[in-house]
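Data block for input-v8.cif (mmCIF, C-alpha atoms and all ligand atoms):
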```cif
data_data
#
loop_
_atom_site.label_atom_id
_atom_site.label_comp_id
_atom_site.auth_asym_id
_atom_site.auth_seq_id
_atom_site.Cartn_x
_atom_site.Cartn_y
_atom_site.Cartn_z
CA MET A 1 -55.18 9.26 29.65
CA ASP A 2 -54.32 5.92 28.05
CA VAL A 3 -51.77 6.07 25.27
CA ILE A 4 -50.16 3.37 23.15
CA LEU A 5 -46.67 4.04 21.86
CA PHE A 6 -46.64 1.92 18.76
CA GLY A 7 -43.82 0.90 16.42
CA PRO A 8 -41.22 -1.78 15.77
CA ALA A 9 -38.38 -2.58 18.17
CA GLY A 10 -35.86 0.22 17.68
CA ALA A 11 -38.44 2.93 16.98
CA GLY A 12 -37.57 4.58 20.32
CA LYS A 13 -40.74 3.64 22.21
CA GLY A 14 -38.98 2.85 25.48
CA THR A 15 -36.84 6.00 25.57
CA GLN A 16 -39.70 8.27 24.58
CA ALA A 17 -42.06 6.59 27.06
CA LYS A 18 -39.70 7.40 29.93
CA PHE A 19 -39.87 11.06 28.98
CA LEU A 20 -43.67 10.99 28.71
CA VAL A 21 -43.98 9.52 32.20
CA ASP A 22 -42.85 12.86 33.65
CA LEU A 23 -44.81 14.94 31.19
CA LEU A 24 -48.14 13.15 31.63
CA GLY A 25 -47.74 11.86 35.20
CA ILE A 26 -48.76 8.31 34.30
CA PRO A 27 -46.62 5.16 34.35
CA GLN A 28 -44.95 3.40 31.43
CA ILE A 29 -46.15 -0.17 31.05
CA SER A 30 -43.60 -2.10 29.02
CA THR A 31 -44.35 -5.80 28.64
CA GLY A 32 -40.76 -6.36 27.44
CA ASP A 33 -39.36 -4.79 30.65
CA MET A 34 -41.83 -6.74 32.78
CA MET A 35 -40.81 -10.00 31.11
CA ARG A 36 -37.10 -9.27 31.52
CA ALA A 37 -37.70 -8.52 35.23
CA GLU A 38 -39.59 -11.79 35.56
CA ARG A 39 -36.70 -13.66 33.92
CA ALA A 40 -34.15 -11.94 36.15
CA SER A 41 -36.16 -12.97 39.23
CA GLY A 42 -35.62 -16.60 38.27
CA SER A 43 -39.35 -17.37 38.48
CA GLU A 44 -41.02 -20.22 36.64
CA LEU A 45 -43.04 -17.74 34.57
CA GLY A 46 -39.81 -15.95 33.61
CA ALA A 47 -38.28 -19.22 32.42
CA ARG A 48 -41.29 -19.72 30.13
CA PHE A 49 -40.65 -16.31 28.51
CA GLU A 50 -36.96 -17.08 27.90
CA GLY A 51 -37.34 -19.44 24.92
CA PHE A 52 -39.55 -17.04 22.99
CA MET A 53 -37.66 -13.86 23.77
CA SER A 54 -34.14 -15.07 22.98
CA LYS A 55 -35.27 -16.02 19.45
CA GLY A 56 -37.22 -12.79 18.98
CA ASN A 57 -40.55 -14.63 18.86
CA LEU A 58 -43.70 -13.21 20.39
CA VAL A 59 -44.64 -14.62 23.79
CA PRO A 60 -48.07 -16.34 23.54
CA ASP A 61 -51.00 -14.02 24.15
CA GLU A 62 -52.35 -15.82 27.23
CA LEU A 63 -49.06 -15.35 29.13
CA VAL A 64 -48.88 -11.67 28.19
CA LEU A 65 -52.49 -11.07 29.18
CA GLU A 66 -51.87 -12.53 32.61
CA LEU A 67 -49.09 -10.00 33.16
CA MET A 68 -51.15 -7.09 31.84
CA GLU A 69 -54.20 -7.88 33.93
CA LYS A 70 -52.11 -7.80 37.13
CA ARG A 71 -50.24 -4.64 36.12
CA LEU A 72 -53.34 -2.60 35.29
CA THR A 73 -54.82 -3.16 38.73
CA GLN A 74 -51.84 -1.53 40.45
CA ALA A 75 -52.50 1.83 42.06
CA ASP A 76 -50.11 3.91 39.95
CA ALA A 77 -52.01 2.99 36.77
CA LYS A 78 -55.34 4.32 38.08
CA GLY A 79 -55.20 7.51 36.05
CA GLY A 80 -53.95 5.99 32.81
CA ALA A 81 -50.82 4.50 31.33
CA ILE A 82 -48.36 4.64 28.47
CA PHE A 83 -48.33 1.23 26.83
CA ASP A 84 -44.96 0.39 25.31
CA GLY A 85 -44.61 -2.82 23.30
CA TYR A 86 -48.20 -3.81 23.98
CA PRO A 87 -50.50 -4.70 22.22
CA ARG A 88 -48.58 -6.66 19.61
CA THR A 89 -51.43 -8.80 18.23
CA LEU A 90 -55.09 -8.20 17.51
CA ALA A 91 -56.03 -10.53 20.38
CA GLN A 92 -53.95 -8.39 22.77
CA ALA A 93 -55.58 -5.21 21.47
CA GLU A 94 -59.05 -6.64 22.01
CA ALA A 95 -58.12 -7.90 25.47
CA LEU A 96 -56.78 -4.46 26.41
CA ASP A 97 -59.99 -2.81 25.23
CA ALA A 98 -61.96 -5.21 27.41
CA LEU A 99 -59.74 -4.66 30.47
CA LEU A 100 -59.97 -0.89 30.11
CA ALA A 101 -63.73 -0.96 29.47
CA LYS A 102 -64.20 -2.78 32.78
CA ILE A 103 -62.71 0.24 34.57
CA GLY A 104 -64.49 2.82 32.42
CA ARG A 105 -61.49 3.67 30.25
CA LYS A 106 -60.43 3.38 26.63
CA ILE A 107 -57.36 4.02 24.52
CA ASP A 108 -57.33 7.76 23.93
CA ARG A 109 -54.48 7.88 21.45
CA VAL A 110 -52.14 5.58 19.56
CA VAL A 111 -48.89 7.26 18.57
CA ALA A 112 -47.23 5.22 15.83
CA LEU A 113 -43.50 5.88 15.49
CA ASP A 114 -42.68 5.26 11.84
CA ILE A 115 -39.24 3.90 11.00
CA GLU A 116 -37.85 1.67 8.24
CA LEU A 117 -35.81 -1.53 8.55
CA PRO A 118 -32.28 -0.12 7.81
CA ASP A 119 -32.70 2.48 10.59
CA VAL A 120 -34.03 -0.16 12.96
CA VAL A 121 -31.04 -2.44 12.31
CA GLU A 122 -28.61 0.43 12.86
CA ARG A 123 -30.26 1.49 16.11
CA ILE A 124 -30.79 -1.95 17.60
CA THR A 125 -27.50 -3.63 16.77
CA GLY A 126 -25.67 -0.63 18.29
CA ARG A 127 -27.82 -0.65 21.43
CA ARG A 128 -26.25 -1.51 24.76
CA VAL A 129 -28.16 -1.76 28.01
CA CYS A 130 -27.34 -1.69 31.71
CA LEU A 131 -28.58 -4.92 33.23
CA ASP A 132 -28.95 -3.27 36.63
CA CYS A 133 -31.09 -0.21 35.83
CA GLY A 134 -32.15 -0.51 32.18
CA GLN A 135 -30.28 2.62 31.05
CA THR A 136 -29.67 2.35 27.30
CA TYR A 137 -26.68 3.48 25.25
CA HIS A 138 -25.74 3.37 21.57
CA VAL A 139 -22.19 2.57 20.51
CA ARG A 140 -22.23 5.48 18.06
CA TYR A 141 -24.69 8.10 19.37
CA SER A 142 -24.42 7.76 23.15
CA PRO A 143 -21.58 5.34 23.86
CA PRO A 144 -21.32 3.66 27.25
CA PRO A 145 -18.51 5.16 29.38
CA GLU A 146 -15.09 3.65 28.66
CA SER A 147 -14.86 2.78 32.35
CA GLY A 148 -17.78 0.41 31.81
CA VAL A 149 -19.58 2.06 34.75
CA CYS A 150 -23.24 2.98 34.13
CA VAL A 151 -23.93 6.74 34.35
CA SER A 152 -27.30 6.14 36.03
CA CYS A 153 -26.66 3.47 38.64
CA GLU A 154 -22.89 2.89 38.67
CA GLY A 155 -23.46 -0.76 37.86
CA THR A 156 -20.88 -2.45 35.68
CA ARG A 157 -23.02 -4.80 33.63
CA ILE A 158 -23.54 -2.93 30.35
CA VAL A 159 -24.26 -5.52 27.64
CA GLN A 160 -25.84 -6.15 24.27
CA ARG A 161 -29.20 -7.88 24.68
CA ALA A 162 -29.20 -11.39 23.19
CA ASP A 163 -32.21 -10.47 21.05
CA ASP A 164 -30.50 -7.36 19.63
CA SER A 165 -28.39 -9.29 17.07
CA GLU A 166 -28.99 -8.39 13.40
CA GLN A 167 -30.57 -11.75 12.58
CA VAL A 168 -33.05 -11.53 15.45
CA VAL A 169 -33.78 -7.86 14.71
CA ARG A 170 -34.73 -8.68 11.11
CA HIS A 171 -36.98 -11.48 12.33
CA ARG A 172 -38.66 -9.22 14.91
CA TYR A 173 -39.23 -6.55 12.27
CA SER A 174 -40.94 -8.96 9.86
CA ASP A 175 -43.08 -10.24 12.73
CA TYR A 176 -43.99 -6.62 13.51
CA LYS A 177 -45.03 -5.97 9.90
CA GLU A 178 -47.05 -9.17 9.71
CA LYS A 179 -48.72 -9.43 13.12
CA THR A 180 -48.47 -6.06 14.84
CA ALA A 181 -48.72 -3.24 12.27
CA PRO A 182 -52.13 -4.44 10.97
CA ILE A 183 -53.74 -3.80 14.37
CA LEU A 184 -53.55 -0.05 13.73
CA GLU A 185 -56.70 -0.58 11.68
CA HIS A 186 -58.40 -1.84 14.81
CA TYR A 187 -58.01 1.61 16.39
CA GLY A 188 -58.99 3.63 13.32
CA GLN A 189 -57.72 6.88 11.89
CA HIS A 190 -59.30 9.16 14.47
CA VAL A 191 -57.26 7.57 17.29
CA VAL A 192 -53.97 6.91 15.48
CA SER A 193 -51.34 9.61 14.91
CA HIS A 194 -48.36 8.76 12.73
CA VAL A 195 -45.12 10.37 13.81
CA ASP A 196 -41.76 10.26 12.03
CA GLY A 197 -39.56 8.24 14.41
CA CYS A 198 -36.27 9.28 12.78
CA GLY A 199 -34.14 12.16 13.96
CA GLU A 200 -32.81 13.51 17.23
CA PHE A 201 -34.51 12.37 20.44
CA GLY A 202 -35.84 15.89 21.17
CA GLU A 203 -37.26 16.31 17.68
CA VAL A 204 -39.21 13.07 17.95
CA THR A 205 -40.37 14.02 21.45
CA GLY A 206 -41.71 17.30 20.05
CA ARG A 207 -43.67 15.44 17.39
CA ILE A 208 -45.14 13.06 19.99
CA GLN A 209 -46.12 15.96 22.25
CA ALA A 210 -47.86 17.64 19.32
CA ALA A 211 -49.70 14.41 18.52
CA LEU A 212 -50.89 14.21 22.14
CA GLY A 213 -51.89 17.83 22.20
CA ALA A 214 -49.41 18.31 25.03
CA ALA A 215 -46.92 20.56 23.23
P1 LIG A 301 -39.35 -5.36 23.73
O1 LIG A 301 -38.51 -5.04 24.90
O2 LIG A 301 -40.68 -4.65 23.74
O3 LIG A 301 -38.62 -5.17 22.42
O4 LIG A 301 -39.72 -6.92 23.81
C1 LIG A 301 -38.71 -7.90 23.84
C2 LIG A 301 -39.32 -9.27 23.58
O5 LIG A 301 -40.27 -9.57 24.62
C3 LIG A 301 -40.11 -9.41 22.28
O6 LIG A 301 -39.28 -9.69 21.17
C4 LIG A 301 -41.03 -10.58 22.63
O7 LIG A 301 -40.34 -11.81 22.63
C5 LIG A 301 -41.39 -10.28 24.09
N1 LIG A 301 -42.58 -9.40 24.20
C6 LIG A 301 -42.63 -8.15 24.75
N2 LIG A 301 -43.87 -7.64 24.71
C7 LIG A 301 -44.63 -8.59 24.11
C8 LIG A 301 -46.02 -8.67 23.77
N3 LIG A 301 -46.87 -7.64 24.01
N4 LIG A 301 -46.46 -9.81 23.17
C9 LIG A 301 -45.64 -10.84 22.92
N5 LIG A 301 -44.33 -10.84 23.20
C10 LIG A 301 -43.82 -9.72 23.80
#
```
Could you write out this structure as structure tokens?
Amino acid sequence: MDVILFGPAGAGKGTQAKFLVDLLGIPQISTGDMMRAERASGSELGARFEGFMSKGNLVPDELVLELMEKRLTQADAKGGAIFDGYPRTLAQAEALDALLAKIGRKIDRVVALDIELPDVVERITGRRVCLDCGQTYHVRYSPPPESGVCVSCEGTRIVQRADDSEQVVRHRYSDYKEKTAPILEHYGQHVVSHVDGCGEFGEVTGRIQAALGAA
């Protein structure tokens, strides 16, 4: 099964995708995570991502496609994948269709997590992340331990991402509305399910499961 978790930054795509990995037995493919890993590795490609990401701008399609092409050929993605933060432009959506068609697959469902700007700002500016394992926290809803030690990996580098400032969040949201949201039309109503992205984690998970027919 190939599923796109769709929505603006802060909709909960990453957290929900991690849950779906266990439920569906297919990997999460997050271009944002892949780019951050590339940056952390100190590679030349990672350095090229840096300038776009720190300002909240989209990385050019050709660089993203290169990453995606490599990732989809890995063995764990043979039976499908949960795409998180990809596609973000029409060109990426068309390229994904073509890549999947080559291996006899197609996007089975797009789950769009609906959320408005004020909720996005609240969620993202309060987000903190462990640089070592990616575990996320929220200063209000799931605060990082006072000890500063990550509950998942015991690392001590829990930080606010540079692109999680309010100014950058607002910019990313308007980019989402302008360049990303319109691609839902590319998939059409029979493939897209809209899900309310607000509420408790478990509530939203239930709605996603229902949309996937996996409840
Ligand atoms: P995310 O972790 O999905 O919020 O992505 C963080 C940042 O990585 C974005 O603001 C973009 O700069 C970049 N990025 C991630 N995925 C993509 C993509 N599919 N296309 C272009 N840029 C991306």
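The shell of residues at most 6 Å from region 94-111 of chain A, with all atoms listed in the file counted and near chain neighbours (fewer than 4 positions) removed, consists of Asp2, Val3, Ile4, Leu5, Phe6, Val191, Val192 and Ser193 of chain A.
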Within 8 Å of ligand LIG 301 (chain A) (counting all atoms listed in the file), which residues show up? I'd like them as a PyMOL selection string. chain A and resi 8-10+14+30-33+35-36+49+52-61+64+84-89+92+163+172
Quick one: write out the picked residues with C-alpha atoms as a CSV table (one decimal), in the frame of the given file?
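See part.csv below for the written result:
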```
chain,number,residue,atom,x,y,z
A,8,PRO,CA,-41.2,-1.8,15.8
A,9,ALA,CA,-38.4,-2.6,18.2
A,10,GLY,CA,-35.9,0.2,17.7
A,14,GLY,CA,-39.0,2.8,25.5
A,30,SER,CA,-43.6,-2.1,29.0
A,31,THR,CA,-44.4,-5.8,28.6
A,32,GLY,CA,-40.8,-6.4,27.4
A,33,ASP,CA,-39.4,-4.8,30.6
A,35,MET,CA,-40.8,-10.0,31.1
A,36,ARG,CA,-37.1,-9.3,31.5
A,49,PHE,CA,-40.6,-16.3,28.5
A,52,PHE,CA,-39.6,-17.0,23.0
A,53,MET,CA,-37.7,-13.9,23.8
A,54,SER,CA,-34.1,-15.1,23.0
A,55,LYS,CA,-35.3,-16.0,19.4
A,56,GLY,CA,-37.2,-12.8,19.0
A,57,ASN,CA,-40.6,-14.6,18.9
A,58,LEU,CA,-43.7,-13.2,20.4
A,59,VAL,CA,-44.6,-14.6,23.8
A,60,PRO,CA,-48.1,-16.3,23.5
A,61,ASP,CA,-51.0,-14.0,24.2
A,64,VAL,CA,-48.9,-11.7,28.2
A,84,ASP,CA,-45.0,0.4,25.3
A,85,GLY,CA,-44.6,-2.8,23.3
A,86,TYR,CA,-48.2,-3.8,24.0
A,87,PRO,CA,-50.5,-4.7,22.2
A,88,ARG,CA,-48.6,-6.7,19.6
A,89,THR,CA,-51.4,-8.8,18.2
A,92,GLN,CA,-54.0,-8.4,22.8
A,163,ASP,CA,-32.2,-10.5,21.0
A,172,ARG,CA,-38.7,-9.2,14.9
```
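For the residues A:Thr180, A:Val169, A:Val129, A:Leu72, ranking by smallest atom-to-atom distance to Pro143 (chain A) using all atoms listed in the file places A:Val129 first.
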Selected residue of minimal separation from His138 (chain A) among A:Gly12, A:Leu20, A:Gly155, A:Ile82, counting only C-alpha atoms: A:Gly12
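Closest approach to Lys70 (chain A) among A:Val204, A:Ile29, A:Leu212, A:Leu113 is made by A:Ile29 (distances from only C-alpha atoms).
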Any chance you could build region 136-147 of chain A out to all heavy atoms and write it as a PDB file, in the frame of the given file?
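Wrote selection14.pdb, looks like this:
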```pdb
ATOM      1  N   THR A 136     -30.158   2.804  28.605  1.00  0.00           N
ATOM      2  CA  THR A 136     -29.670   2.350  27.300  1.00  0.00           C
ATOM      3  C   THR A 136     -28.621   3.305  26.737  1.00  0.00           C
ATOM      4  O   THR A 136     -28.614   4.505  27.037  1.00  0.00           O
ATOM      5  CB  THR A 136     -30.815   2.209  26.267  1.00  0.00           C
ATOM      6  OG1 THR A 136     -31.519   3.445  26.212  1.00  0.00           O
ATOM      7  CG2 THR A 136     -31.759   1.082  26.614  1.00  0.00           C
ATOM      8  N   TYR A 137     -27.743   2.733  25.930  1.00  0.00           N
ATOM      9  CA  TYR A 137     -26.680   3.480  25.250  1.00  0.00           C
ATOM     10  C   TYR A 137     -26.703   3.060  23.790  1.00  0.00           C
ATOM     11  O   TYR A 137     -27.364   2.084  23.426  1.00  0.00           O
ATOM     12  CB  TYR A 137     -25.315   3.106  25.851  1.00  0.00           C
ATOM     13  CG  TYR A 137     -25.190   3.382  27.336  1.00  0.00           C
ATOM     14  CD1 TYR A 137     -25.546   2.404  28.272  1.00  0.00           C
ATOM     15  CD2 TYR A 137     -24.705   4.597  27.804  1.00  0.00           C
ATOM     16  CE1 TYR A 137     -25.437   2.647  29.641  1.00  0.00           C
ATOM     17  CE2 TYR A 137     -24.587   4.844  29.165  1.00  0.00           C
ATOM     18  CZ  TYR A 137     -24.947   3.873  30.077  1.00  0.00           C
ATOM     19  OH  TYR A 137     -24.837   4.125  31.420  1.00  0.00           O
ATOM     20  N   HIS A 138     -25.957   3.805  22.965  1.00  0.00           N
ATOM     21  CA  HIS A 138     -25.740   3.370  21.570  1.00  0.00           C
ATOM     22  C   HIS A 138     -24.267   3.561  21.261  1.00  0.00           C
ATOM     23  O   HIS A 138     -23.722   4.637  21.534  1.00  0.00           O
ATOM     24  CB  HIS A 138     -26.613   4.180  20.613  1.00  0.00           C
ATOM     25  CG  HIS A 138     -26.579   3.627  19.215  1.00  0.00           C
ATOM     26  ND1 HIS A 138     -25.536   3.839  18.348  1.00  0.00           N
ATOM     27  CD2 HIS A 138     -27.453   2.816  18.551  1.00  0.00           C
ATOM     28  CE1 HIS A 138     -25.773   3.210  17.207  1.00  0.00           C
ATOM     29  NE2 HIS A 138     -26.928   2.581  17.307  1.00  0.00           N
ATOM     30  N   VAL A 139     -23.645   2.526  20.696  1.00  0.00           N
ATOM     31  CA  VAL A 139     -22.190   2.570  20.510  1.00  0.00           C
ATOM     32  C   VAL A 139     -21.736   3.808  19.732  1.00  0.00           C
ATOM     33  O   VAL A 139     -20.640   4.311  19.940  1.00  0.00           O
ATOM     34  CB  VAL A 139     -21.653   1.294  19.810  1.00  0.00           C
ATOM     35  CG1 VAL A 139     -21.702   0.107  20.744  1.00  0.00           C
ATOM     36  CG2 VAL A 139     -22.421   0.981  18.542  1.00  0.00           C
ATOM     37  N   ARG A 140     -22.623   4.331  18.869  1.00  0.00           N
ATOM     38  CA  ARG A 140     -22.230   5.480  18.060  1.00  0.00           C
ATOM     39  C   ARG A 140     -22.773   6.802  18.621  1.00  0.00           C
ATOM     40  O   ARG A 140     -22.049   7.798  18.711  1.00  0.00           O
ATOM     41  CB  ARG A 140     -22.783   5.267  16.653  1.00  0.00           C
ATOM     42  CG  ARG A 140     -22.126   6.127  15.649  1.00  0.00           C
ATOM     43  CD  ARG A 140     -22.194   5.476  14.268  1.00  0.00           C
ATOM     44  NE  ARG A 140     -22.390   6.513  13.282  1.00  0.00           N
ATOM     45  CZ  ARG A 140     -23.018   6.327  12.136  1.00  0.00           C
ATOM     46  NH1 ARG A 140     -23.500   5.140  11.850  1.00  0.00           N
ATOM     47  NH2 ARG A 140     -23.146   7.320  11.291  1.00  0.00           N
ATOM     48  N   TYR A 141     -24.039   6.829  19.011  1.00  0.00           N
ATOM     49  CA  TYR A 141     -24.690   8.100  19.370  1.00  0.00           C
ATOM     50  C   TYR A 141     -24.585   8.461  20.847  1.00  0.00           C
ATOM     51  O   TYR A 141     -24.575   9.636  21.205  1.00  0.00           O
ATOM     52  CB  TYR A 141     -26.157   8.080  18.939  1.00  0.00           C
ATOM     53  CG  TYR A 141     -26.309   7.731  17.481  1.00  0.00           C
ATOM     54  CD1 TYR A 141     -26.942   6.566  17.085  1.00  0.00           C
ATOM     55  CD2 TYR A 141     -25.760   8.560  16.499  1.00  0.00           C
ATOM     56  CE1 TYR A 141     -27.055   6.234  15.742  1.00  0.00           C
ATOM     57  CE2 TYR A 141     -25.859   8.237  15.153  1.00  0.00           C
ATOM     58  CZ  TYR A 141     -26.503   7.072  14.784  1.00  0.00           C
ATOM     59  OH  TYR A 141     -26.596   6.744  13.460  1.00  0.00           O
ATOM     60  N   SER A 142     -24.559   7.476  21.706  1.00  0.00           N
ATOM     61  CA  SER A 142     -24.420   7.760  23.150  1.00  0.00           C
ATOM     62  C   SER A 142     -23.663   6.592  23.770  1.00  0.00           C
ATOM     63  O   SER A 142     -24.239   5.769  24.475  1.00  0.00           O
ATOM     64  CB  SER A 142     -25.803   7.908  23.800  1.00  0.00           C
ATOM     65  OG  SER A 142     -26.608   6.775  23.502  1.00  0.00           O
ATOM     66  N   PRO A 143     -22.354   6.518  23.466  1.00  0.00           N
ATOM     67  CA  PRO A 143     -21.580   5.340  23.860  1.00  0.00           C
ATOM     68  C   PRO A 143     -21.520   5.155  25.380  1.00  0.00           C
ATOM     69  O   PRO A 143     -21.495   6.150  26.127  1.00  0.00           O
ATOM     70  CB  PRO A 143     -20.177   5.608  23.316  1.00  0.00           C
ATOM     71  CG  PRO A 143     -20.222   6.910  22.621  1.00  0.00           C
ATOM     72  CD  PRO A 143     -21.563   7.529  22.794  1.00  0.00           C
ATOM     73  N   PRO A 144     -21.485   3.904  25.819  1.00  0.00           N
ATOM     74  CA  PRO A 144     -21.320   3.660  27.250  1.00  0.00           C
ATOM     75  C   PRO A 144     -19.942   4.182  27.686  1.00  0.00           C
ATOM     76  O   PRO A 144     -19.016   4.171  26.879  1.00  0.00           O
ATOM     77  CB  PRO A 144     -21.384   2.143  27.381  1.00  0.00           C
ATOM     78  CG  PRO A 144     -21.598   1.587  26.026  1.00  0.00           C
ATOM     79  CD  PRO A 144     -21.589   2.700  25.023  1.00  0.00           C
ATOM     80  N   PRO A 145     -19.811   4.643  28.931  1.00  0.00           N
ATOM     81  CA  PRO A 145     -18.510   5.160  29.380  1.00  0.00           C
ATOM     82  C   PRO A 145     -17.402   4.116  29.206  1.00  0.00           C
ATOM     83  O   PRO A 145     -17.655   2.928  29.381  1.00  0.00           O
ATOM     84  CB  PRO A 145     -18.740   5.437  30.868  1.00  0.00           C
ATOM     85  CG  PRO A 145     -20.212   5.508  31.038  1.00  0.00           C
ATOM     86  CD  PRO A 145     -20.826   4.680  29.971  1.00  0.00           C
ATOM     87  N   GLU A 146     -16.205   4.584  28.857  1.00  0.00           N
ATOM     88  CA  GLU A 146     -15.090   3.650  28.660  1.00  0.00           C
ATOM     89  C   GLU A 146     -14.791   2.854  29.921  1.00  0.00           C
ATOM     90  O   GLU A 146     -14.324   1.726  29.883  1.00  0.00           O
ATOM     91  CB  GLU A 146     -13.832   4.404  28.236  1.00  0.00           C
ATOM     92  CG  GLU A 146     -13.809   4.626  26.727  1.00  0.00           C
ATOM     93  CD  GLU A 146     -12.591   5.377  26.260  1.00  0.00           C
ATOM     94  OE1 GLU A 146     -11.566   5.369  26.975  1.00  0.00           O
ATOM     95  OE2 GLU A 146     -12.678   5.990  25.167  1.00  0.00           O
ATOM     96  N   SER A 147     -15.104   3.465  31.067  1.00  0.00           N
ATOM     97  CA  SER A 147     -14.860   2.780  32.350  1.00  0.00           C
ATOM     98  C   SER A 147     -15.773   1.554  32.508  1.00  0.00           C
ATOM     99  O   SER A 147     -15.528   0.698  33.343  1.00  0.00           O
ATOM    100  CB  SER A 147     -15.156   3.742  33.504  1.00  0.00           C
ATOM    101  OG  SER A 147     -16.530   4.111  33.450  1.00  0.00           O
TER     102      SER A 147
END
```
